[in-house]
>>> print(open('entry.csv').read())   # CSV, C-alpha atoms and all ligand atoms
chain,number,residue,atom,x,y,z
A,105,MET,CA,9.3,3.8,1.5
A,106,ILE,CA,6.5,4.6,3.9
A,107,VAL,CA,3.4,2.6,4.8
A,108,PRO,CA,0.7,4.7,6.5
A,109,ILE,CA,-1.4,3.4,9.3
A,110,GLU,CA,-4.9,5.0,9.4
A,111,LEU,CA,-7.2,3.0,11.7
A,112,GLU,CA,-10.7,3.1,10.2
A,113,ASN,CA,-12.6,3.2,13.5
A,114,THR,CA,-10.2,5.6,15.3
A,115,LYS,CA,-9.4,8.1,12.7
A,116,ASN,CA,-7.3,10.2,15.0
A,117,ILE,CA,-4.7,7.5,15.2
A,118,THR,CA,-2.3,7.7,12.2
A,119,TYR,CA,1.4,7.0,12.0
A,120,ASP,CA,4.0,6.0,9.5
A,121,ILE,CA,6.0,2.9,9.1
A,122,THR,CA,9.3,3.7,7.4
A,123,ILE,CA,11.2,0.9,5.7
A,124,ASP,CA,14.6,2.3,5.0
A,125,ALA,CA,18.0,3.0,6.5
A,126,LEU,CA,17.4,4.4,10.0
A,127,PRO,CA,17.1,8.2,9.7
A,128,GLN,CA,18.6,10.8,12.1
A,129,LEU,CA,16.0,11.2,14.9
A,130,THR,CA,15.9,14.4,17.0
A,131,PHE,CA,13.6,14.8,20.0
A,132,ASP,CA,12.9,17.6,22.4
A,133,THR,CA,11.8,15.3,25.2
A,134,LYS,CA,13.4,12.8,27.5
A,135,VAL,CA,13.9,9.5,25.7
A,136,ALA,CA,14.6,6.0,27.0
A,137,ILE,CA,15.7,3.2,24.8
A,138,VAL,CA,14.5,-0.2,26.0
A,139,THR,CA,16.6,-3.1,24.8
A,140,ASN,CA,18.4,-6.3,25.8
A,141,PRO,CA,22.1,-7.2,26.0
A,142,THR,CA,22.1,-9.2,22.8
A,143,VAL,CA,20.7,-6.4,20.6
A,144,ALA,CA,22.6,-3.7,22.5
A,145,GLY,CA,25.8,-5.6,22.0
A,146,TYR,CA,25.4,-5.6,18.2
A,147,HIS,CA,23.6,-2.4,17.5
A,148,LEU,CA,23.3,0.1,20.4
A,149,GLU,CA,26.2,2.2,19.2
A,150,THR,CA,24.6,2.6,15.8
A,151,LEU,CA,21.2,3.6,17.3
A,152,LEU,CA,22.8,6.1,19.7
A,153,ALA,CA,24.6,7.7,16.8
A,154,HIS,CA,21.1,8.3,15.2
A,155,ILE,CA,19.4,9.9,18.2
A,156,GLU,CA,19.5,13.3,19.8
A,157,ALA,CA,17.5,14.2,22.9
A,158,PRO,CA,18.0,16.5,25.9
A,159,GLN,CA,18.2,13.4,28.1
A,160,LEU,CA,18.8,9.9,26.7
A,161,GLU,CA,18.6,6.8,28.9
A,162,VAL,CA,19.2,3.1,28.0
A,163,ILE,CA,17.2,0.6,30.0
A,164,THR,CA,18.5,-3.0,29.4
A,165,ILE,CA,16.3,-5.9,30.4
A,166,PRO,CA,17.3,-9.6,30.2
A,167,ASP,CA,16.9,-11.4,26.8
A,168,GLY,CA,14.2,-14.0,26.5
A,169,GLU,CA,10.5,-14.8,26.3
A,170,GLU,CA,10.6,-15.9,29.9
A,171,TYR,CA,11.2,-12.3,30.9
A,172,LYS,CA,8.1,-11.1,29.1
A,173,LYS,CA,6.2,-10.7,32.3
A,174,LEU,CA,4.8,-8.1,34.6
A,175,GLU,CA,7.9,-8.0,36.9
A,176,THR,CA,10.0,-6.8,33.9
A,177,VAL,CA,7.5,-4.2,33.0
A,178,GLU,CA,7.6,-3.0,36.6
A,179,SER,CA,11.3,-2.8,36.5
A,180,ILE,CA,11.1,-0.6,33.4
A,181,LEU,CA,8.5,1.6,35.1
A,182,ASN,CA,10.7,2.0,38.1
A,183,ALA,CA,13.7,3.0,35.9
A,184,LEU,CA,11.4,5.7,34.3
A,185,PHE,CA,10.4,7.0,37.7
A,186,GLU,CA,14.0,7.1,38.9
A,187,HIS,CA,15.0,9.1,35.8
A,188,LYS,CA,12.1,11.4,36.5
A,189,PHE,CA,10.4,10.9,33.2
A,190,ASP,CA,7.2,12.9,32.7
A,191,ARG,CA,4.1,12.6,30.5
A,192,LYS,CA,5.9,14.0,27.5
A,193,SER,CA,8.8,11.5,27.6
A,194,LEU,CA,9.2,8.9,25.0
A,195,LEU,CA,10.2,5.2,24.9
A,196,ILE,CA,12.0,3.5,22.0
A,197,ALA,CA,11.6,-0.2,21.7
A,198,PHE,CA,14.8,-1.5,20.3
A,199,GLY,CA,14.8,-5.3,19.8
A,200,GLY,CA,12.6,-8.2,18.7
A,201,GLY,CA,8.9,-8.8,19.4
A,202,VAL,CA,9.5,-9.4,23.1
A,203,ILE,CA,11.1,-6.0,23.6
A,204,GLY,CA,8.4,-4.4,21.3
A,205,ASP,CA,5.4,-5.9,23.1
A,206,MET,CA,6.8,-5.1,26.6
A,207,THR,CA,7.9,-1.6,25.8
A,208,GLY,CA,4.6,-0.7,24.2
A,209,PHE,CA,2.8,-2.1,27.2
A,210,THR,CA,5.0,-0.1,29.6
A,211,ALA,CA,4.4,3.0,27.5
A,212,SER,CA,0.6,2.4,27.8
A,213,LEU,CA,0.9,2.3,31.6
A,214,TYR,CA,3.4,5.0,32.5
A,215,GLN,CA,1.4,7.9,33.9
A,216,ARG,CA,-1.6,6.6,32.0
A,217,GLY,CA,0.2,6.5,28.7
A,218,ILE,CA,3.3,8.1,27.0
A,219,ASP,CA,4.5,7.9,23.4
A,220,PHE,CA,6.6,5.2,22.1
A,221,ILE,CA,8.4,4.3,18.9
A,222,GLN,CA,9.2,0.9,17.5
A,223,ILE,CA,12.6,0.1,16.0
A,224,PRO,CA,12.3,-3.7,15.4
A,225,THR,CA,15.5,-5.7,14.9
A,226,THR,CA,14.2,-9.3,14.1
A,227,LEU,CA,12.5,-10.2,10.9
A,228,LEU,CA,9.4,-11.4,12.8
A,229,SER,CA,9.1,-8.1,14.5
A,230,GLN,CA,9.8,-6.1,11.4
A,231,VAL,CA,7.1,-7.8,9.3
A,232,ASP,CA,4.6,-8.5,12.1
A,233,ALA,CA,5.0,-7.7,15.8
A,234,SER,CA,5.9,-4.0,15.4
A,235,VAL,CA,2.9,-3.3,13.2
A,236,GLY,CA,-0.6,-3.0,14.7
A,237,GLY,CA,-0.3,-1.9,18.4
A,238,LYS,CA,-0.8,-5.2,20.2
A,239,THR,CA,1.3,-5.0,23.3
A,240,GLY,CA,1.5,-7.1,26.4
A,241,VAL,CA,3.1,-9.8,28.5
A,242,ASN,CA,2.7,-13.5,29.4
A,243,ASN,CA,1.7,-14.9,32.8
A,244,LYS,CA,1.2,-18.4,34.2
A,245,TYR,CA,-2.2,-18.7,32.5
A,246,GLY,CA,-0.8,-18.3,29.0
A,247,LYS,CA,0.9,-16.1,26.4
A,248,ASN,CA,0.0,-12.4,25.8
A,249,LEU,CA,-3.0,-12.6,28.2
A,250,ILE,CA,-2.2,-9.3,29.8
A,251,GLY,CA,-1.9,-6.3,27.6
A,252,ALA,CA,-3.3,-3.4,25.7
A,253,PHE,CA,-4.0,-2.2,22.2
A,254,TYR,CA,-1.6,0.7,22.2
A,255,GLN,CA,-0.3,2.1,18.9
A,256,PRO,CA,3.2,3.5,18.5
A,257,LYS,CA,3.9,7.0,17.2
A,258,ALA,CA,6.1,5.7,14.4
A,259,VAL,CA,7.9,2.5,13.3
A,260,TYR,CA,11.3,2.6,11.8
A,261,ILE,CA,12.3,-0.7,10.0
A,262,ASP,CA,15.9,-0.9,8.9
A,263,PRO,CA,16.7,-4.3,7.3
A,264,ALA,CA,20.4,-3.7,8.0
A,265,PHE,CA,19.8,-4.7,11.6
A,266,LEU,CA,18.9,-8.2,10.4
A,267,LYS,CA,22.5,-9.0,9.3
A,268,THR,CA,23.4,-10.2,12.8
A,269,LEU,CA,20.2,-12.3,13.3
A,270,PRO,CA,20.8,-16.0,13.7
A,271,GLU,CA,19.5,-18.1,10.7
A,272,ARG,CA,16.8,-19.9,12.7
A,273,GLU,CA,15.4,-16.6,13.9
A,274,PHE,CA,15.4,-15.3,10.4
A,275,ALA,CA,13.5,-18.4,9.2
A,276,ALA,CA,10.9,-17.9,12.0
A,277,GLY,CA,10.2,-14.5,10.5
A,278,VAL,CA,9.8,-16.0,7.1
A,279,ALA,CA,7.0,-18.3,8.4
A,280,GLU,CA,4.9,-15.2,9.3
A,281,ILE,CA,5.6,-13.8,5.8
A,282,VAL,CA,4.4,-17.0,4.1
A,283,LYS,CA,1.3,-16.8,6.3
A,284,MET,CA,0.5,-13.4,5.0
A,285,ALA,CA,1.0,-14.4,1.4
A,286,VAL,CA,-1.1,-17.6,1.6
A,287,MET,CA,-4.0,-15.8,3.4
A,288,PHE,CA,-4.1,-12.6,1.3
A,289,ASP,CA,-2.0,-12.4,-1.8
A,290,LYS,CA,-1.3,-15.0,-4.5
A,291,ASP,CA,1.0,-12.7,-6.4
A,292,TYR,CA,3.1,-12.2,-3.3
A,293,PHE,CA,3.2,-16.0,-2.8
A,294,GLU,CA,4.6,-16.4,-6.4
A,295,PHE,CA,7.1,-13.6,-5.6
A,296,LEU,CA,8.3,-15.5,-2.5
A,297,VAL,CA,8.7,-18.7,-4.5
A,298,GLU,CA,11.2,-17.0,-6.7
A,299,ALA,CA,12.7,-14.7,-4.0
A,300,ASP,CA,16.2,-14.8,-2.7
A,301,LEU,CA,15.9,-13.2,0.7
A,302,LYS,CA,19.7,-13.0,1.0
A,303,ASP,CA,19.5,-10.2,-1.6
A,304,GLU,CA,19.1,-6.9,0.2
A,305,GLU,CA,16.7,-5.3,-2.3
A,306,VAL,CA,14.6,-8.4,-2.4
A,307,LEU,CA,14.5,-8.6,1.4
A,308,LYS,CA,13.4,-4.9,1.6
A,309,GLU,CA,10.7,-5.5,-1.0
A,310,THR,CA,9.5,-8.6,0.9
A,311,ILE,CA,9.3,-6.6,4.2
A,312,ARG,CA,7.5,-3.8,2.5
A,313,ARG,CA,4.8,-6.1,1.0
A,314,SER,CA,4.3,-7.9,4.4
A,315,VAL,CA,4.0,-4.6,6.3
A,316,GLU,CA,1.5,-3.3,3.7
A,317,LEU,CA,-0.6,-6.4,4.1
A,318,LYS,CA,-0.5,-6.3,7.9
A,319,ALA,CA,-1.3,-2.6,7.9
A,320,TRP,CA,-4.2,-3.2,5.5
A,321,VAL,CA,-5.6,-5.8,7.9
A,322,VAL,CA,-5.0,-3.7,11.1
A,323,ASN,CA,-6.5,-0.6,9.5
A,324,GLN,CA,-9.7,-2.5,9.1
A,325,ASP,CA,-9.8,-4.3,12.3
A,326,GLU,CA,-7.5,-3.0,15.1
A,327,LYS,CA,-9.1,-5.0,17.9
A,328,GLU,CA,-9.4,-8.4,16.1
A,329,ALA,CA,-13.1,-8.5,15.9
A,330,GLY,CA,-13.0,-9.9,12.3
A,331,ILE,CA,-10.3,-10.1,9.6
A,332,ARG,CA,-7.3,-9.6,12.0
A,333,ALA,CA,-8.1,-13.2,13.3
A,334,VAL,CA,-7.0,-14.5,9.8
A,335,LEU,CA,-3.4,-13.7,10.9
A,336,ASN,CA,-3.7,-16.7,13.2
A,337,TYR,CA,-3.5,-19.1,10.3
A,338,GLY,CA,-1.2,-21.9,11.4
A,339,HIS,CA,-1.3,-20.7,15.0
A,340,THR,CA,-4.2,-22.9,16.3
A,341,PHE,CA,-2.2,-26.0,15.4
A,342,GLY,CA,1.1,-24.3,16.1
A,343,HIS,CA,0.2,-23.4,19.6
A,344,VAL,CA,-0.5,-27.1,20.4
A,345,VAL,CA,2.8,-28.1,18.9
A,346,GLU,CA,4.6,-25.5,21.1
A,347,ASN,CA,2.7,-26.5,24.2
A,348,GLU,CA,3.3,-30.2,23.7
A,349,THR,CA,7.0,-29.6,23.3
A,350,ASN,CA,7.1,-27.3,26.3
A,351,TYR,CA,8.1,-24.2,24.2
A,352,THR,CA,11.7,-25.6,24.1
A,353,THR,CA,11.9,-27.5,20.8
A,354,TYR,CA,10.6,-25.0,18.3
A,355,LEU,CA,10.7,-21.2,17.9
A,356,HIS,CA,7.2,-19.8,17.5
A,357,GLY,CA,7.6,-19.2,13.7
A,358,GLU,CA,8.8,-22.9,13.3
A,359,ALA,CA,5.7,-24.1,15.2
A,360,VAL,CA,3.5,-21.9,12.9
A,361,ALA,CA,5.2,-23.4,9.9
A,362,ILE,CA,4.2,-26.9,11.1
A,363,GLY,CA,0.7,-25.5,12.0
A,364,MET,CA,0.2,-24.1,8.5
A,365,VAL,CA,1.0,-27.6,7.0
A,366,MET,CA,-1.6,-29.1,9.3
A,367,ALA,CA,-4.2,-26.4,8.5
A,368,ASN,CA,-3.5,-27.0,4.8
A,369,ALA,CA,-4.2,-30.7,5.2
A,370,LEU,CA,-7.5,-29.9,6.8
A,371,ALA,CA,-8.3,-27.4,4.0
A,372,VAL,CA,-7.5,-30.2,1.4
A,373,GLU,CA,-9.8,-32.5,3.3
A,374,LEU,CA,-12.6,-29.9,3.2
A,375,GLY,CA,-12.1,-29.2,-0.5
A,376,LEU,CA,-10.8,-25.6,0.1
A,377,MET,CA,-7.4,-26.3,-1.4
A,378,ASN,CA,-6.0,-28.9,-3.7
A,379,GLU,CA,-3.1,-31.1,-2.8
A,380,GLU,CA,-0.8,-29.4,-5.3
A,381,GLU,CA,-1.3,-26.1,-3.6
A,382,ALA,CA,-0.7,-27.6,-0.2
A,383,GLU,CA,2.5,-29.1,-1.5
A,384,ARG,CA,3.7,-25.8,-3.0
A,385,ILE,CA,3.3,-24.1,0.4
A,386,LYS,CA,5.2,-26.9,2.1
A,387,THR,CA,8.0,-26.6,-0.5
A,388,LEU,CA,8.3,-22.9,0.1
A,389,LEU,CA,8.5,-23.4,3.9
A,390,GLU,CA,11.2,-26.1,3.4
A,391,LYS,CA,13.1,-23.8,1.1
A,392,SER,CA,13.0,-21.3,3.9
A,393,SER,CA,14.6,-23.9,6.3
A,394,LEU,CA,11.4,-24.3,8.3
A,395,PRO,CA,10.2,-27.6,9.8
A,396,THR,CA,7.1,-29.0,8.1
A,397,THR,CA,6.7,-32.4,9.9
A,398,TYR,CA,5.6,-33.3,13.4
A,399,GLU,CA,4.7,-36.6,14.9
A,400,ILE,CA,1.5,-36.4,16.8
A,401,ARG,CA,1.7,-39.1,19.5
A,402,ASP,CA,-1.9,-38.9,20.8
A,403,VAL,CA,-4.6,-37.5,18.5
A,404,ASP,CA,-7.2,-37.2,21.3
A,405,ASP,CA,-4.8,-35.3,23.5
A,406,PHE,CA,-3.7,-33.0,20.6
A,407,TYR,CA,-7.4,-32.3,19.9
A,408,GLU,CA,-8.1,-31.5,23.6
A,409,HIS,CA,-5.3,-28.9,23.5
A,410,PHE,CA,-7.2,-26.8,21.0
A,411,PHE,CA,-9.5,-25.8,23.8
A,412,LEU,CA,-6.7,-24.3,25.9
A,413,ASP,CA,-6.2,-21.7,23.2
A,414,LYS,CA,-7.7,-18.4,24.1
A,415,LYS,CA,-9.1,-18.1,20.5
A,416,SER,CA,-11.3,-21.2,21.0
A,417,ALA,CA,-14.3,-19.2,22.1
A,418,ASN,CA,-17.3,-20.9,23.6
A,419,ASN,CA,-15.9,-24.4,23.2
A,420,SER,CA,-15.9,-24.3,19.4
A,421,ILE,CA,-12.6,-24.4,17.7
A,422,LYS,CA,-12.0,-21.6,15.2
A,423,PHE,CA,-10.0,-22.9,12.3
A,424,ILE,CA,-8.4,-20.3,10.0
A,425,LEU,CA,-8.0,-22.2,6.7
A,426,PRO,CA,-6.6,-21.3,3.3
A,427,GLN,CA,-9.0,-21.1,0.4
A,428,GLY,CA,-6.6,-21.9,-2.4
A,429,ILE,CA,-3.4,-19.8,-2.2
A,430,GLY,CA,-4.2,-16.1,-1.5
A,431,GLY,CA,-7.6,-16.7,0.1
A,432,HIS,CA,-8.9,-17.6,3.5
A,433,LYS,CA,-11.9,-18.9,5.3
A,434,ILE,CA,-12.8,-19.0,9.0
A,435,VAL,CA,-14.5,-22.3,9.9
A,436,THR,CA,-15.9,-23.1,13.3
A,437,ASP,CA,-18.1,-26.1,12.8
A,438,ILE,CA,-15.8,-28.8,11.6
A,439,ASP,CA,-16.8,-32.3,12.8
A,440,GLU,CA,-14.4,-33.7,15.4
A,441,THR,CA,-13.9,-36.9,13.4
A,442,VAL,CA,-12.8,-35.0,10.3
A,443,VAL,CA,-10.2,-33.1,12.3
A,444,LYS,CA,-9.0,-36.2,14.1
A,445,ASN,CA,-8.7,-38.1,10.8
A,446,VAL,CA,-6.5,-35.3,9.4
A,447,LEU,CA,-4.4,-35.3,12.6
A,448,ARG,CA,-3.9,-39.1,12.2
A,449,THR,CA,-2.0,-38.5,9.0
A,450,PHE,CA,0.6,-36.7,11.1
A,451,GLY,CA,2.1,-39.9,12.3
A,452,ALA,CA,-0.1,-40.9,15.2
A,453,ALA,CA,-0.7,-44.4,16.3
A,501,LIG,N1,2.4,-7.6,18.9
A,501,LIG,C1,2.2,-8.4,17.9
A,501,LIG,O1,1.3,-8.2,17.1
A,501,LIG,C2,3.0,-9.7,17.8
A,501,LIG,C3,3.0,-10.5,16.6
A,501,LIG,C4,3.8,-11.6,16.6
A,501,LIG,C5,4.6,-11.9,17.6
A,501,LIG,N2,4.6,-11.2,18.8
A,501,LIG,C6,5.5,-11.5,19.9
A,501,LIG,O2,6.8,-11.3,19.5
A,501,LIG,C7,7.6,-12.2,20.3
A,501,LIG,C8,8.6,-12.9,19.4
A,501,LIG,O3,9.4,-12.0,18.7
A,501,LIG,P1,10.8,-12.3,18.1
A,501,LIG,O4,10.6,-13.5,17.2
A,501,LIG,O5,11.3,-11.1,17.5
A,501,LIG,O6,11.6,-12.8,19.3
A,501,LIG,P2,12.6,-12.1,20.3
A,501,LIG,O7,12.2,-10.7,20.6
A,501,LIG,O8,12.8,-13.0,21.5
A,501,LIG,O9,14.0,-12.1,19.5
A,501,LIG,C9,14.6,-13.3,19.2
A,501,LIG,C10,16.0,-13.4,19.6
A,501,LIG,O10,16.8,-12.6,18.6
A,501,LIG,C11,17.6,-11.6,19.3
A,501,LIG,N3,17.8,-10.5,18.4
A,501,LIG,C12,16.9,-9.5,18.2
A,501,LIG,N4,17.4,-8.7,17.2
A,501,LIG,C13,18.6,-9.2,16.8
A,501,LIG,C14,19.6,-8.9,15.9
A,501,LIG,N5,19.4,-7.8,15.0
A,501,LIG,N6,20.7,-9.6,15.8
A,501,LIG,C15,20.9,-10.7,16.6
A,501,LIG,N7,20.0,-11.1,17.5
A,501,LIG,C16,18.9,-10.4,17.6
A,501,LIG,C17,16.8,-11.4,20.6
A,501,LIG,O11,17.7,-10.8,21.6
A,501,LIG,C18,16.3,-12.8,20.9
A,501,LIG,O12,17.3,-13.5,21.6
A,501,LIG,C19,6.7,-13.1,21.1
A,501,LIG,O13,6.7,-12.7,22.4
A,501,LIG,C20,5.3,-12.9,20.4
A,501,LIG,O14,4.3,-13.1,21.3
A,501,LIG,C21,3.8,-10.1,18.9
>>> encode(input="entry.csv", output="structure tokens")
Amino acid sequence: MIVPIELENTKNITYDITIDALPQLTFDTKVAIVTNPTVAGYHLETLLAHIEAPQLEVITIPDGEEYKKLETVESILNALFEHKFDRKSLLIAFGGGVIGDMTGFTASLYQRGIDFIQIPTTLLSQVDASVGGKTGVNNKYGKNLIGAFYQPKAVYIDPAFLKTLPEREFAAGVAEIVKMAVMFDKDYFEFLVEADLKDEEVLKETIRRSVELKAWVVNQDEKEAGIRAVLNYGHTFGHVVENETNYTTYLHGEAVAIGMVMANALAVELGLMNEEEAERIKTLLEKSSLPTTYEIRDVDDFYEHFFLDKKSANNSIKFILPQGIGGHKIVTDIDETVVKNVLRTFGAA
């Protein structure tokens, strides 16, 4: 199955996202696969068996979000120079979102831009990070603050790679799937309530529907001037949770799950959603082995953290809230007392 990308404002950019067993890929240019030791250990042999190119290099970078930084990008660039790559050469991102974001960014920089392809291997990167062309790295000022919108030439999503993914990483990907369903598609939410993601066909169908939704959003708003911001549902709260716990307690998707529960509580308070709907979302997250509770120790402190988020423009906090299940509303003028009262229900003194 193929999901097409056709960006509305830049009609010359189109590419396909193929969700299927990885096909045989033949190139007439130099190709470098960028990966890390974990992914390479499990799957590099399989990938190499599917690729033919006049020169094929493998660039391995260390595994971990802490290596998503400019120094690593520079090390990839150096490897490309050493292998005498030219403007027609191609990069293949083979790994999770960290590898995808960094490889895409490197491709955007090498000799002012070369082609790249995404072959994502985590659930999160298959349903979210590999789609839409956001690339970049972190620095000491925050996450993903340096980067480029740079679209791949193709995305190949093969759910078979997920068989080796640790369960927690799998669940983190499910959080982003639930996010898409709650924001955009009630039928999809109902499908997820019934779905057994351990079933291969169900998993493939789930990935397809998520990718379709993400592509639908990105096609309308590549640069996040409008609807793409809705994909940050759960993230405003989630980022604070990640920050308060020094990025060590929760995976990003887990913090987003907690963040969605908090956003839902605020939506209930504002009359955008009823308690039963909020409870159904919580139950789905729990069924997916995701955390849904978090004890806020200091409400004032938690609230102040919202302003560290790069999405809190001009000192007003932008809340992405559900409107029932399958709808959304962006609200920027919520009274501080209302927000803090909701935060107090999360165990604060
Ligand atoms: N560009 C975007 O639109 C976008 C969207 C969401 C997230 N992101 C970014 O994605 C990153 C998170 O991505 P992630 O959750 O994939 O994390 P990740 O890339 O760190 O991968 C998680 C872990 O799983 C391992 N792994 C990958 N594939 C595996 C497999 N098949 N079997 C076993 N282990 C495997 C990785 O080596 C890593 O240790 C963050 O940096 C985030 O900023 C980007």
>>> residues_near_ligand(input="entry.csv", ligand="ligand LIG 501 (chain A)", cutoff="7 Å", atoms="all atoms listed in the file", output="ChimeraX atom specification")
/A:140,142-143,146,167-169,199-203,205,225-229,232-239,247-248,265-270,273,276-277
>>> write_last_selection(input="entry.csv", atoms="C-alpha atoms", output="tab-separated table (two decimals), keeping the file's coordinate frame")
chain	number	residue	atom	x	y	z
A	140	ASN	CA	18.40	-6.30	25.80
A	142	THR	CA	22.10	-9.20	22.80
A	143	VAL	CA	20.70	-6.40	20.60
A	146	TYR	CA	25.40	-5.60	18.20
A	167	ASP	CA	16.90	-11.40	26.80
A	168	GLY	CA	14.20	-14.00	26.50
A	169	GLU	CA	10.50	-14.80	26.30
A	199	GLY	CA	14.80	-5.30	19.80
A	200	GLY	CA	12.60	-8.20	18.70
A	201	GLY	CA	8.90	-8.80	19.40
A	202	VAL	CA	9.50	-9.40	23.10
A	203	ILE	CA	11.10	-6.00	23.60
A	205	ASP	CA	5.40	-5.90	23.10
A	225	THR	CA	15.50	-5.70	14.90
A	226	THR	CA	14.20	-9.30	14.10
A	227	LEU	CA	12.50	-10.20	10.90
A	228	LEU	CA	9.40	-11.40	12.80
A	229	SER	CA	9.10	-8.10	14.50
A	232	ASP	CA	4.60	-8.50	12.10
A	233	ALA	CA	5.00	-7.70	15.80
A	234	SER	CA	5.90	-4.00	15.40
A	235	VAL	CA	2.90	-3.30	13.20
A	236	GLY	CA	-0.60	-3.00	14.70
A	237	GLY	CA	-0.30	-1.90	18.40
A	238	LYS	CA	-0.80	-5.20	20.20
A	239	THR	CA	1.30	-5.00	23.30
A	247	LYS	CA	0.90	-16.10	26.40
A	248	ASN	CA	0.00	-12.40	25.80
A	265	PHE	CA	19.80	-4.70	11.60
A	266	LEU	CA	18.90	-8.20	10.40
A	267	LYS	CA	22.50	-9.00	9.30
A	268	THR	CA	23.40	-10.20	12.80
A	269	LEU	CA	20.20	-12.30	13.30
A	270	PRO	CA	20.80	-16.00	13.70
A	273	GLU	CA	15.40	-16.60	13.90
A	276	ALA	CA	10.90	-17.90	12.00
A	277	GLY	CA	10.20	-14.50	10.50
>>> atom_distance(input="entry.csv", atom1="CA of Leu317 (chain A)", atom2="CA of Ile137 (chain A)")
28.0 Å
>>> atom_distance(input="entry.csv", atom1="CA of Gly217 (chain A)", atom2="CA of Lys192 (chain A)")
9.5 Å
>>> residues_around(input="entry.csv", residues="Leu249 (chain A)", least_positions_apart="6", cutoff="9 Å", atoms="only C-alpha atoms", output="PyMOL selection string")
chain A and resi 240-243+414
>>> write_last_selection(input="entry.csv", atoms="C-alpha atoms", output="PDB file, in the coordinates of the input")
ATOM      1  CA  GLY A 240       1.500  -7.100  26.400  1.00  0.00           C
ATOM      2  CA  VAL A 241       3.100  -9.800  28.500  1.00  0.00           C
ATOM      3  CA  ASN A 242       2.700 -13.500  29.400  1.00  0.00           C
ATOM      4  CA  ASN A 243       1.700 -14.900  32.800  1.00  0.00           C
ATOM      5  CA  LYS A 414      -7.700 -18.400  24.100  1.00  0.00           C
TER       6      LYS A 414
END
>>> residues_around(input="entry.csv", residues="region 364-366 of chain A", least_positions_apart="4", cutoff="12 Å", atoms="all atoms listed in the file", output="PyMOL selection string")
chain A and resi 279-284+286-287+335-345+357-360+370-373+377+379+381-390+394-400+423-426+443-451
>>> atom_distance(input="entry.csv", atom1="CA of Glu186 (chain A)", atom2="CA of Ala252 (chain A)")
24.2 Å
>>> closest_residue(input="entry.csv", among="A:Asp325, A:Asp303, A:Glu178, A:Glu161", to="Pro263 (chain A)", atoms="only C-alpha atoms")
A:Asp303
>>> closest_residue(input="entry.csv", among="A:Ile421, A:Leu126, A:Ile117, A:Ala333", to="Gln255 (chain A)", atoms="all atoms listed in the file")
A:Ile117
>>> closest_residue(input="entry.csv", among="A:Glu316, A:Glu304, A:Asp132, A:Glu175", to="Val107 (chain A)", atoms="all atoms listed in the file")
A:Glu316
>>> closest_residue(input="entry.csv", among="A:Ala275, A:Tyr171, A:Asp289, A:Gly375", to="Tyr354 (chain A)", atoms="all atoms listed in the file")
A:Ala275
>>> residues_around(input="entry.csv", residues="Pro158 (chain A)", least_positions_apart="4", cutoff="10 Å", atoms="only C-alpha atoms", output="ChimeraX atom specification")
/A:130-135
>>> closest_residue(input="entry.csv", among="A:Pro108, A:Lys257, A:Thr207, A:Gln324", to="Arg312 (chain A)", atoms="all atoms listed in the file")
A:Pro108
>>> closest_residue(input="entry.csv", among="A:Phe209, A:Phe189, A:Phe410, A:Tyr292", to="Pro256 (chain A)", atoms="all atoms listed in the file")
A:Phe209
>>> residues_around(input="entry.csv", residues="Ala144 (chain A)", least_positions_apart="4", cutoff="10 Å", atoms="only C-alpha atoms", output="MDAnalysis selection string")
chainID A and resid 138:140 148:151 162 164 198:199
>>> axis_aligned_box(input="entry.csv", around="region 386-390 of chain A", padding_each_side="8 Å", output="lines of an AutoDock Vina configuration file")
center_x = 8.2
center_y = -24.9
center_z = 1.7
size_x = 22.0
size_y = 20.0
size_z = 20.4
>>> residues_around(input="entry.csv", residues="His154 (chain A)", least_positions_apart="5", cutoff="7 Å", atoms="all atoms listed in the file", output="mmCIF file with C-alpha atoms, in the frame of the given file")
data_model
loop_
_atom_site.group_PDB
_atom_site.id
_atom_site.type_symbol
_atom_site.label_atom_id
_atom_site.label_comp_id
_atom_site.auth_asym_id
_atom_site.auth_seq_id
_atom_site.Cartn_x
_atom_site.Cartn_y
_atom_site.Cartn_z
ATOM 1 C CA PRO A 127 17.100 8.200 9.700
ATOM 2 C CA GLN A 128 18.600 10.800 12.100
ATOM 3 C CA LEU A 129 16.000 11.200 14.900
#
